[in-house]
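Enquirer: Quick one: structure below, then a few questions.
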Amino acid sequence: MLTPLNGGLVLAGLALAFVGAAVSVYAVTLTGLLVGAGAGYLFAPNVVGLVAVDGAVLTAGAVAVGGLIGGFLAYAGLSFAVLGIGGVVGGFAGRFAVGPVYAADAAGIEGTALLVGATLAGVAVGALFGFVLTRTTLVIASALIGAAFASRSLTPASFEAAAAETTVEPLLFDLSKPAFLAVFVLGALSQLGLFRFGYVTKLVGLLPGARRWTADDDRDGDADAA
């Protein structure tokens, strides 16, 4: 069922997927808000019973506070946020896309070591891309995260299950799903086109605050815009 919350996440996902890197100050802040809200939601069950507040109210408060903290930290430290986003996306790809290929025939400690190694390598590569290729990292990361929400590969129910089971397994999804791939590819190509044909300058000029920082060049994308 498409509830207002689900609909809002779909719209936020589409915005991230198609114009995320073009207006990076908004995209990074929105990503930080979503990540912070998700972290707050996952954290809430740990304090239920410790605070004399209704569970639903406590969860709503944790989501709101987590979202505000995540959004503020992302806005205040945009360059570091891009490194973090690159590292998270790289770690995800290393653990759940690359790692299983090498660990398929391994078991026990050896298999675990391969998965951990692939995850750490993914984090390192993602963070490096975030530092050297800021714009490209934002395009890929915003398209991937946006596609996950827009295609409903990630939904509030996914986070509910993850919070209940205290595991990230419910947040994992098939990267080959047609709906996810369609939004991801179209979103990434659309964003690359925005940069290639100079539409970024027009977009930034229309949106208040976006000139504070925008990833308009991979060589100096982490510098403040004039």
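In the structure tokens, each chain is lettered A, B, ... as it comes, each chain's residues begin at 1, and ligands are numbered from 1 in order of appearance.
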Using DSSP secondary structure from the backbone, list all alpha helix (DSSP H) positions within segment 64-112 of chain A, as a VMD selection string.
Expert: chain A and resid 64 to 76 78 to 93 99 to 103 108 to 112
Enquirer: Do you have the atom CA of Ala118 of chain A-atom CA of Ile85 of chain A distance handy?
Expert: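 A separation of 17.2 Å between them.
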Enquirer: What lies within 6 Å of Ala147 of chain A using only C-alpha atoms, ignoring chain neighbours under 6 positions off, as a VMD selection string?
Expert: chain A and resid 13 17 180 183 to 184
Enquirer: Go ahead and write the selection's residues with N, CA and C atoms as a PDB file, in the first residue's frame.
Expert:
```
ATOM      1  N   GLY A  13      13.394   9.872  -3.310  1.00  0.00           N
ATOM      2  CA  GLY A  13      14.291   9.015  -4.076  1.00  0.00           C
ATOM      3  C   GLY A  13      14.450   9.478  -5.506  1.00  0.00           C
ATOM      4  N   ALA A  17      17.837  10.671  -7.298  1.00  0.00           N
ATOM      5  CA  ALA A  17      18.318   9.914  -8.457  1.00  0.00           C
ATOM      6  C   ALA A  17      18.545  10.802  -9.677  1.00  0.00           C
ATOM      7  N   PHE A 180      14.786  -1.030 -10.000  1.00  0.00           N
ATOM      8  CA  PHE A 180      15.942  -0.356  -9.415  1.00  0.00           C
ATOM      9  C   PHE A 180      16.941   0.034 -10.494  1.00  0.00           C
ATOM     10  N   VAL A 183      15.738   3.088 -12.709  1.00  0.00           N
ATOM     11  CA  VAL A 183      15.863   4.402 -12.069  1.00  0.00           C
ATOM     12  C   VAL A 183      17.324   4.774 -11.888  1.00  0.00           C
ATOM     13  N   PHE A 184      18.146   3.795 -11.493  1.00  0.00           N
ATOM     14  CA  PHE A 184      19.572   4.072 -11.278  1.00  0.00           C
ATOM     15  C   PHE A 184      20.252   4.527 -12.562  1.00  0.00           C
TER      16      PHE A 184
END
```
Enquirer: So which residues touch Leu5 of chain A within 12 Å, counting only C-alpha atoms, skipping near sequence neighbours fewer than 5 positions away, as a PyMOL selection string?
Expert: chain A and resi 10-12+149+152+155-157
Enquirer: For those residues, write N, CA, C and O atoms to a file as a short mmCIF file (atom, residue, chain, number, x, y, z; two decimals), in the first residue's frame.
Expert:
```cif
data_model
loop_
_atom_site.label_atom_id
_atom_site.label_comp_id
_atom_site.auth_asym_id
_atom_site.auth_seq_id
_atom_site.Cartn_x
_atom_site.Cartn_y
_atom_site.Cartn_z
N VAL A 10 9.40 7.84 -2.03
CA VAL A 10 9.53 7.64 -3.48
C VAL A 10 9.91 8.95 -4.16
O VAL A 10 10.81 9.00 -5.01
N LEU A 11 9.22 10.04 -3.78
CA LEU A 11 9.52 11.35 -4.37
C LEU A 11 10.94 11.81 -4.01
O LEU A 11 11.66 12.35 -4.85
N ALA A 12 11.31 11.61 -2.74
CA ALA A 12 12.67 11.98 -2.32
C ALA A 12 13.70 11.15 -3.09
O ALA A 12 14.75 11.67 -3.50
N PHE A 149 15.10 3.96 -2.95
CA PHE A 149 13.85 4.45 -2.38
C PHE A 149 12.76 4.60 -3.44
O PHE A 149 11.59 4.26 -3.21
N ARG A 152 11.21 1.44 -4.39
CA ARG A 152 10.67 0.78 -3.21
C ARG A 152 11.43 -0.51 -2.87
O ARG A 152 10.88 -1.42 -2.29
N THR A 155 11.96 0.35 1.97
CA THR A 155 10.72 0.94 2.43
C THR A 155 10.76 1.05 3.96
O THR A 155 11.64 0.47 4.60
N PRO A 156 9.81 1.79 4.55
CA PRO A 156 9.76 1.83 6.02
C PRO A 156 9.67 0.44 6.64
O PRO A 156 10.22 0.20 7.71
N ALA A 157 8.99 -0.48 5.94
CA ALA A 157 8.89 -1.86 6.46
C ALA A 157 10.25 -2.52 6.55
O ALA A 157 10.51 -3.32 7.47
#
```
Enquirer: Looking at A:Phe131, A:Ala104, A:Val35, A:Ala93, which one is nearest to Gly70 of chain A, with distances taken over only C-alpha atoms?
Expert: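 That would be A:Val35, the residue with the smallest distance to Gly70 of chain A.
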Enquirer: Could you list, as a list in words, every residue within 6 Å of Thr59 of chain A, counting only C-alpha atoms and ignoring same-chain residues fewer than 3 positions away?
Expert: Ala44, Ala56 and Ala62 of chain A
Enquirer: In terms of the shortest atom-to-atom distance over only C-alpha atoms, which of A:Tyr26, A:Phe129, A:Phe72, A:Tyr102 is closest to Gly86 of chain A?
Expert: A:Phe129
Enquirer: Of the residues A:Leu115, A:Ala124, A:Ile69, A:Val63, which is the one nearest to Gly90 of chain A, using only C-alpha atoms?
Expert: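 When distances to Gly90 of chain A are compared using only C-alpha atoms, the smallest one comes from A:Ala124.
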Enquirer: Between A:Pro170, A:Pro4, A:Gly130, A:Gly32, single out the one closest to Leu73 of chain A, counting only C-alpha atoms.
Expert: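 Among the listed residues, the smallest separation from Leu73 of chain A belongs to A:Gly32.
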Enquirer: Between A:Ala127, A:Leu181, A:Val132, A:Leu114, which has the minimum distance to Val88 of chain A (counting only C-alpha atoms)?
Expert: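 The closest residue to Val88 of chain A is A:Ala127.
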Enquirer: Can you work out the spacing between atom CA of Arg135 of chain A and atom CA of Leu189 of chain A in Å, to one decimal?
Expert: 13.1 Å
Enquirer: What is the atom CA of Ala39 of chain A to atom CA of Gly66 of chain A distance in Å?
Expert: 6.5 Å
Enquirer: Go through A:Ala97, A:Val19, A:Leu83, A:Leu58 and flag the residue nearest Leu172 of chain A, using only C-alpha atoms for the distances.
Expert: A:Ala97
